[in-house]
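*Asks:* Please see the structure below; I have some questions.
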Amino acid sequence: MTIASRSKPVTRHLLCCAAIGIGLSAGAVQAQDDRAITIALNEELDLIDPCMAAQSNIGRVILQNISETLTELNPADGSLSPRLATEWQEGENGTWTFKLREGVTFSDGTDFTAADVVHSINRTTSDQLICETGAKYFGGLDITAEAVDDHTVAITADPAQPILPLLMSTLTIVPEETPMGEYTRDPIGTGPYVLSEWNVGQNLILDRRDDYWGETPEVTRATYVFRSDDAVRAAMVQTGEADIAPLISEIDATNEATDFSYPNSETTYLRIDTMTAPLDDLRVRKALNLAVDREAFLGTLLPADTELATQIVVPTTAGTNDALTPPAYDPDQARQLLEEARADGVPVDTEIVLVGRTGLFANVTEVMEALTQMFEDVGFNIDLQMMDVAQWTEYYSKPFPDDGKPRIVAAMHDNNRGDPVFSMYFKYACGGLQSGTCDQDLDAMIASATAATGEERNELWSQTFQKVQEELVADVLLFHMVGFSRVAERLDFRPSIATNSELELAEIKFD
């Protein structure tokens with residue numbers, strides 16, 4: 001199937017012109033304070049709870065701005081630095097002891113102590129609340145914490161985790177008074193900024209704290225506005241209405257002075273509901289993969305340097321399996337597999353719902369429409385439904401709707417932490433929050449790899465990836481994505497692989 005590269009000059013011109021009249025209040029603030037900035041995001045936030053910061057649109061606002069972590073990962077070199085913890089040491093039986101920074105206060109004026117760390121761990125991993133951070137980073141682990149004294153905490157993982165300090169770079173710390181069983185709309189953190197306004201559907205404003213424990217950032221205020229159209233976000237930076245658009249399309253990245261491309265850590269894929277007919281048949285899942293002409297998207301709807309995915313994590317992740325290759329594009333074989341399944345009584349004509357997420361990435365609607373056509377060309381009956389993030393989440397995370405309809409859910413998975421433990425349990429284990437499959441042998445393999453160290457760990461993860469993709473065919477893997485951002489010339493800031501999931505305001509300087 002051929003995908004034509006197309007643009008809409010008239011529409012883009014109208015959208016760019018319309019953008020000039022958007023965000024006047026943010027512009028007025030910027031005129032009064034030249035250290036205030038405006039950030040144009042591609043989708044509205046449905047939640048702003050720190051324990052949901054693993055969701056990229058929430059993480060860009062919260063991580064290290066409002067809420068901080070015990071440790072901090074430098075994605076450029078993989079090094080781990082102190083943040084709220086100043087040092088850590090491994091003990092016996094999977095226990096690590098963390099010394100906490102003294103003299104730190106939350107934005108409500110209360111002191112930061114070990115009790116807050118204990119509460120944050122308990123809340124993030126509790127079954128009283130669905131926290132994406134807990135599901136994504138701590139799934140399959142039993143994590144317990146004990147306050148040794150006000151500034152020392154002992155954290156134990158079962159099975160023992162040699163990468164526990166790295167895991168602590170994902171845990172956002174909240175005060176122990178934060179409710180266990182409900183999301184907060186007024187997050188209190190130790191970070192350099194405080195949430196001062198949240199006008200749902202319009203903007204969200206962070207103001208710099210005067211009593212922050214660390215170095216004072218240059219940015220005094222950040223106003224986040226939400227615009228779903230790539231051209232509008234790019235135009236807002238061009239006209240001075242915004243300073244950063246973290247995500248724009250390749251077609252809008254035309255200014256060498258302001259536009260940056262970077263390899264991000266996102267993998268785009270379609271999660272298959274492997275337990276509902278006809279998707280519970282292996283031949284049907286293989287046919288889905290054979291139906292997709294992945295190469296046709298490169299240089300048309302997606303940047304030419306987008307990579308084809310062979311596993312849920314990017315190739316630089318430890319334990320990736322270099323022997324895996326993308327499924328071949330073979331529509332004839334896909335049709336044959338469907339006919340074989342039909343002959344055995346599999347209801348292959350059943351309507352399958354393909355759930356897409358608006359704003360997920362540039363040209364996402366066009367990509368989903370093209371995928372739908374490819375599936376239908378080999379004989380699938382597809383109902384494409386594009387949803388905003390709040391509605392889409394109902395199908396992305398458990399409990400899934402119990403209506404008997406077979407579904408395929410389009411998603412992007414971000415793992416910039418360098419180890420498959422941050423992906424495999426919650427994506428593929430029976431108890432995984434976003435898993436569409438359940439296989440006891442796979443669960444055992446994930447558990448073994450999670451507990452292993454060194455080369456054994458890498459080899460076990462490699463075997464696990466092979467089982468997921470070649471034996472179970474648990475999803476339709478698509479692409480490792482490339483990001484494009486636009487940054488105003490008045491700023492000294494260059495996007496990196498981390499920009500996809502967090503946008504630390506303290507890293508932004510002014511020329």
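Going by the structure tokens order, chains are called A, B, ..., each with residues numbered from 1, while ligands are numbered from 1 in the order shown.
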Please provide the set of residues having any atom within 7 Å of segment 468-476 of chain A, restricted to only C-alpha atoms, with same-chain residues fewer than 5 positions apart removed, written as a PDB file with N, CA and C atoms, in the first residue's frame.
*Replies:*
ATOM      1  N   TYR A 269       3.061   1.175  19.169  1.00  0.00           N
ATOM      2  CA  TYR A 269       2.616  -0.207  18.952  1.00  0.00           C
ATOM      3  C   TYR A 269       1.100  -0.284  19.079  1.00  0.00           C
ATOM      4  N   LEU A 270       0.546  -1.406  18.666  1.00  0.00           N
ATOM      5  CA  LEU A 270      -0.874  -1.702  18.850  1.00  0.00           C
ATOM      6  C   LEU A 270      -0.979  -2.875  19.811  1.00  0.00           C
ATOM      7  N   ARG A 271      -1.556  -2.648  20.974  1.00  0.00           N
ATOM      8  CA  ARG A 271      -1.744  -3.740  21.924  1.00  0.00           C
ATOM      9  C   ARG A 271      -2.970  -4.554  21.527  1.00  0.00           C
ATOM     10  N   ILE A 272      -2.789  -5.851  21.424  1.00  0.00           N
ATOM     11  CA  ILE A 272      -3.858  -6.748  20.999  1.00  0.00           C
ATOM     12  C   ILE A 272      -4.533  -7.375  22.216  1.00  0.00           C
ATOM     13  N   THR A 274      -5.589 -10.280  23.441  1.00  0.00           N
ATOM     14  CA  THR A 274      -5.351 -11.667  23.023  1.00  0.00           C
ATOM     15  C   THR A 274      -6.312 -12.670  23.656  1.00  0.00           C
ATOM     16  N   ARG A 285      -3.579 -12.963  14.982  1.00  0.00           N
ATOM     17  CA  ARG A 285      -2.600 -11.971  15.437  1.00  0.00           C
ATOM     18  C   ARG A 285      -1.421 -11.874  14.467  1.00  0.00           C
ATOM     19  N   LYS A 286      -1.014 -13.019  13.918  1.00  0.00           N
ATOM     20  CA  LYS A 286       0.044 -12.989  12.907  1.00  0.00           C
ATOM     21  C   LYS A 286      -0.425 -12.258  11.655  1.00  0.00           C
ATOM     22  N   ASN A 289      -0.095  -8.524  11.906  1.00  0.00           N
ATOM     23  CA  ASN A 289       1.276  -8.057  11.697  1.00  0.00           C
ATOM     24  C   ASN A 289       1.687  -8.106  10.238  1.00  0.00           C
ATOM     25  N   THR A 437      -2.411  -9.659  27.447  1.00  0.00           N
ATOM     26  CA  THR A 437      -2.147 -11.084  27.339  1.00  0.00           C
ATOM     27  C   THR A 437      -1.952 -11.687  28.720  1.00  0.00           C
TER      28      THR A 437
END
*Asks:* Residues near Thr152 of chain A, anyone? I mean within 8 Å using only C-alpha atoms, not counting same-chain ones fewer than 2 positions away, as a ChimeraX atom specification.
*Replies:* /A:97-100,114,147-150,154
*Asks:* Write the residues of the selection above to a file with C-alpha atoms, as a PDB file, in the first residue's frame.
*Replies:*
ATOM      1  CA  THR A  97      19.439   2.426  52.835  1.00  0.00           C
ATOM      2  CA  PHE A  98      18.960   5.975  51.569  1.00  0.00           C
ATOM      3  CA  LYS A  99      20.182   9.086  53.376  1.00  0.00           C
ATOM      4  CA  LEU A 100      17.796  11.980  52.754  1.00  0.00           C
ATOM      5  CA  ALA A 114      11.553   9.697  55.796  1.00  0.00           C
ATOM      6  CA  ALA A 147      11.797   5.097  58.338  1.00  0.00           C
ATOM      7  CA  VAL A 148      15.027   4.456  60.271  1.00  0.00           C
ATOM      8  CA  ASP A 149      15.065   8.061  61.470  1.00  0.00           C
ATOM      9  CA  ASP A 150      13.816  11.387  60.104  1.00  0.00           C
ATOM     10  CA  ALA A 154      15.353   1.545  54.367  1.00  0.00           C
TER      11      ALA A 154
END
*Asks:* Record the distance separating atom CA of Ile312 of chain A and atom CA of Ser501 of chain A, expressed in Å with one decimal.
*Replies:*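 Atom-to-atom, atom CA of Ile312 of chain A to atom CA of Ser501 of chain A, that is 16.4 Å.
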*Asks:* Quick one: of A:Leu503, A:Cys430, A:Val482, A:Ala452, who's nearest to Pro162 of chain A, counting only C-alpha atoms?
*Replies:* A:Ala452
*Asks:* Excluding same-chain residues fewer than 4 positions from Ala222 of chain A, what lies within 12 Å of it counting only C-alpha atoms, as a PyMOL selection string?
*Replies:* chain A and resi 26-27+29-30+33-40+60-62+65-66+192-198+203-208+217-218+242-244+503-506+508
